[in-house]
Every structure is written in structure tokens, then in C-alpha cells.
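Asker: Pasting in a structure now, in C-alpha cells, and then I'll have a few things to ask.
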Amino acid sequence: MWNALTWNVARAGGLTAYVLLTFAVAVGLALTLRWQSSRWPRLINSELHNFLSLLGLVFTLVHVLAIWIDPFTHFAWSEVLIPFASTYRTFWMTLGILALYLGLAIGLSTWLRPRIGYQWWRRFHILTLLLYVLVTLHGVFIGSDSDTWWATALYIGSILLVGTLLVLRLLKSAQEPERTLPAPVMQKNKRFF
């Protein structure tokens, strides 16, 4: 009974975290596209994005903890937290571990945004797309449900949603005029060498 419980919690936690990540990335891309209306203002989208991201991290931690305590898998902490330490599908497990650390770093950067500034935060936040790719590959190639029709549909739907929004965002970027910073203004009686 305990084996079934921990394994099902691990599976459900991982899949739930993936769905939440998909929606968080989708809402984030929609924010960059400036899709909003008076009924659904940007502030709500921003808060929804933050909530989905945080909830996705919580379910990721549930997934990792359930994998660790599962008596069937017998993973040590090092195998769950250190890249390339696991002997079970080492590469795909490592992608999941790297995604965990990248997700934590991106979340931390959001809290540090007032200190690091908006531009650096935004540059760092682009790594969310790498996070999404790592998590997708981890789930597809190591997930115990990846061979089922519904998990395949989930991954394909997620990739189509995020991929479509990313293409729309890239097209919008290509159409936007290039932003330039104003030239520094020289003060009277001061020379710049």
C-alpha cells in the first residue's frame, strides 16, 4: 500500500508540476504579448503567473520528496539532488535535477528583482524557456506514464501551446522598433575622456 501511495504521489506531483509550469510559461508569454482587457487586466495576469509558478515549484518539491521516500526506487538524497549521481536513466534524471535548480534560481531572481534591476531580471527570466525544455525532456523520457495516450496528448498539447505563444512573441519582437537608450548628456564645464 505504501509503495503505491508514494509512487502515485510522485507521478501526480510531477505531472501536476508540469501542467502548472506549462500554464505559468503560457501566461508569462501572454504577458509579454500584452494580451489584456478591461475584464482581465495585466495585474491579474501577472499575479496569476506568479501564483502558477510558485504552485508549480511546490508540486515539484512534492514530486522530489515522494520519489525520495518511495521504498521501491530506493533513491538516496544524492541521487535526487546531485546531477549525474543516479544510476537510473542518469541523463534524463540529471535534466530534472538541473531543471529543479534552474527553477529555484529563477524564482529567487524574482525576489531579488528590486536589487538586480528589471533588465537583468528579464534577461535571466528568459531561461524559463530552457527550464521548460529540460522539464519536458525529463518527463517524456523518464516519466512512467509517458507511453500512455493521455500523457502523450498532455505533452503534445503543452508543446503546441507554449510553442505557438513563443512564435507569436518572436514575431512581435521582430515587428517592434528597436529600442535605444538615450545618449548620455554632457554637463557644462565637464569633459568626458
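Residue numbering restarts at 1 for every chain of the C-alpha cells, chains are lettered A, B, ... in their displayed order, and ligands are numbered from 1 as they appear.
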Could you give me, as JSON lines, a per-residue list for segment 76-129 of chain A showing, wherever an atom lies at most 12 Å from an atom of segment 2-21 of chain A, the closest pair of atoms and their distance in Å to one decimal, using only C-alpha atoms and sorting by chain then residue number from low to high?
Answerer:
```
{"residue": "A:Gly96", "atom": "CA", "partner": "A:Gly14", "partner_atom": "CA", "distance": 10.2}
{"residue": "A:Ala99", "atom": "CA", "partner": "A:Leu21", "partner_atom": "CA", "distance": 11.3}
{"residue": "A:Leu100", "atom": "CA", "partner": "A:Ala17", "partner_atom": "CA", "distance": 11.0}
{"residue": "A:Gly103", "atom": "CA", "partner": "A:Leu21", "partner_atom": "CA", "distance": 9.9}
{"residue": "A:Thr128", "atom": "CA", "partner": "A:Leu21", "partner_atom": "CA", "distance": 9.5}
{"residue": "A:Leu129", "atom": "CA", "partner": "A:Leu21", "partner_atom": "CA", "distance": 10.4}
```
Asker: What's the 12 Å shell around Ala76 of chain A, counting only C-alpha atoms, without same-chain residues fewer than 5 positions away, as a list of chain:residue names?
Answerer: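 Using only C-alpha atoms, the neighbours found are A:Val64, A:Leu65, A:Ile67, A:Trp68, A:Ile69, A:Asp70, A:Pro71, A:Leu81, A:Ile82, A:Ala85, A:Ser86, A:Thr87, A:Tyr88.
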Asker: Save the residues we just selected, N, CA and C atoms, as a compact mmCIF listing (two decimals), in the first residue's frame?
Answerer:
```
# COMPACT_ATOMS: atom_id res chain seq x y z
N VAL A 64 9.69 15.46 -5.90
CA VAL A 64 11.04 15.05 -5.48
C VAL A 64 10.99 14.31 -4.15
N LEU A 65 10.24 14.82 -3.20
CA LEU A 65 10.14 14.18 -1.89
C LEU A 65 9.51 12.79 -2.00
N ILE A 67 9.49 10.81 -4.61
CA ILE A 67 10.47 9.92 -5.27
C ILE A 67 11.51 9.45 -4.26
N TRP A 68 11.95 10.37 -3.42
CA TRP A 68 12.98 10.03 -2.44
C TRP A 68 12.48 9.04 -1.40
N ILE A 69 11.26 9.22 -0.90
CA ILE A 69 10.77 8.32 0.16
C ILE A 69 10.14 7.04 -0.38
N ASP A 70 9.96 6.95 -1.68
CA ASP A 70 9.36 5.75 -2.26
C ASP A 70 10.25 4.53 -1.97
N PRO A 71 9.71 3.51 -1.31
CA PRO A 71 10.54 2.36 -0.94
C PRO A 71 10.96 1.50 -2.15
N LEU A 81 19.33 14.87 -5.78
CA LEU A 81 19.73 16.28 -5.76
C LEU A 81 21.05 16.59 -6.47
N ILE A 82 21.84 15.59 -6.81
CA ILE A 82 23.13 15.84 -7.44
C ILE A 82 23.09 15.32 -8.88
N ALA A 85 24.47 11.70 -10.40
CA ALA A 85 24.72 10.78 -9.28
C ALA A 85 23.85 9.54 -9.36
N SER A 86 22.72 9.62 -10.03
CA SER A 86 21.81 8.49 -10.11
C SER A 86 22.25 7.51 -11.20
N THR A 87 22.08 6.24 -10.93
CA THR A 87 22.37 5.23 -11.95
C THR A 87 21.13 4.91 -12.78
N TYR A 88 19.98 5.40 -12.35
CA TYR A 88 18.74 5.16 -13.08
C TYR A 88 18.56 6.25 -14.13
```
Asker: Quick one: everything within 8 Å of Leu137 of chain A, counting only C-alpha atoms, minus sequence neighbours fewer than 3 positions away in the same chain. Send it as a PyMOL selection string.
Answerer: chain A and resi 92+95+133-134+140-141
Asker: Write a file of the just-selected residues containing N, CA and C atoms, as a PDB file, in the first residue's frame.
Answerer:
```
ATOM      1  N   TRP A  92      18.529  11.626 -18.147  1.00  0.00           N
ATOM      2  CA  TRP A  92      17.184  12.202 -18.019  1.00  0.00           C
ATOM      3  C   TRP A  92      16.905  12.631 -16.582  1.00  0.00           C
ATOM      4  N   LEU A  95      18.623  15.958 -16.130  1.00  0.00           N
ATOM      5  CA  LEU A  95      17.857  17.076 -16.681  1.00  0.00           C
ATOM      6  C   LEU A  95      16.804  17.560 -15.691  1.00  0.00           C
ATOM      7  N   VAL A 133      12.047  23.341 -21.473  1.00  0.00           N
ATOM      8  CA  VAL A 133      12.600  22.270 -22.329  1.00  0.00           C
ATOM      9  C   VAL A 133      13.166  21.144 -21.465  1.00  0.00           C
ATOM     10  N   LEU A 134      13.924  21.486 -20.426  1.00  0.00           N
ATOM     11  CA  LEU A 134      14.501  20.466 -19.548  1.00  0.00           C
ATOM     12  C   LEU A 134      13.419  19.614 -18.890  1.00  0.00           C
ATOM     13  N   VAL A 140       9.137  13.332 -20.576  1.00  0.00           N
ATOM     14  CA  VAL A 140       8.910  12.436 -21.716  1.00  0.00           C
ATOM     15  C   VAL A 140       9.771  11.191 -21.622  1.00  0.00           C
ATOM     16  N   PHE A 141      11.030  11.349 -21.247  1.00  0.00           N
ATOM     17  CA  PHE A 141      11.958  10.224 -21.315  1.00  0.00           C
ATOM     18  C   PHE A 141      12.131   9.449 -20.020  1.00  0.00           C
TER      19      PHE A 141
END
```
Asker: Neighbouring residues of Thr32 of chain A were defined as those with any atom within 10 Å, considering only C-alpha atoms; residues of the same chain fewer than 2 positions away were excluded. Please report them as a list in words.
Answerer: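 The neighbour list is Ala26, Val27, Gly28, Leu29, Ala30, Arg34, Trp35, Leu165, Leu166, Arg169, Lys172 and Ser173 of chain A.
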Asker: Would you work out the distance separating atom CA of Thr60 of chain A from atom CA of Tyr101 of chain A, expressed in Å to one decimal?
Answerer: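 Pair atom CA of Thr60 of chain A / atom CA of Tyr101 of chain A returns 11.0 Å.
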Asker: With only C-alpha atoms as the basis for distance, which of A:Thr164, A:Thr136, A:Gln119, A:Gln175 is at the shortest distance from Ala151 of chain A?
Answerer: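 Under the stated criterion, the closest residue is A:Thr136.
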Asker: Give me, as a PyMOL selection string, all polymer residues having an atom no more than 12 Å from Thr152 of chain A, counting only C-alpha atoms and skipping those fewer than 4 positions away in the same chain.
Answerer: chain A and resi 15+136+139-141+143-148+156-159
Asker: Please, which residues of chain A, numbered as in this document, come out helix (DSSP H, G or I) from DSSP, as a ChimeraX atom specification?
Answerer: /A:2-32,42-69,77-81,90-111,113-116,118-125,128-142,149-175
Asker: Compare A:Leu104, A:Val62, A:Met93, A:Ala153 by their minimum atom-to-atom distance to Leu127 of chain A, counting only C-alpha atoms, and give me the closest one.
Answerer: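 The answer is A:Leu104, which sits nearest to Leu127 of chain A.
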Asker: When you draw a straight line from atom CA of Val25 of chain A to atom CA of Arg123 of chain A, how long is it in Å?
Answerer: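 We find that atom CA of Val25 of chain A and atom CA of Arg123 of chain A lie 15.2 Å from each other.
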Asker: Which residue out of A:Asn50, A:Glu79, A:Leu130, A:His63 has the minimum interatomic distance to Thr110 of chain A when only C-alpha atoms are used?
Answerer: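 Closest to Thr110 of chain A, using only C-alpha atoms: A:Asn50.
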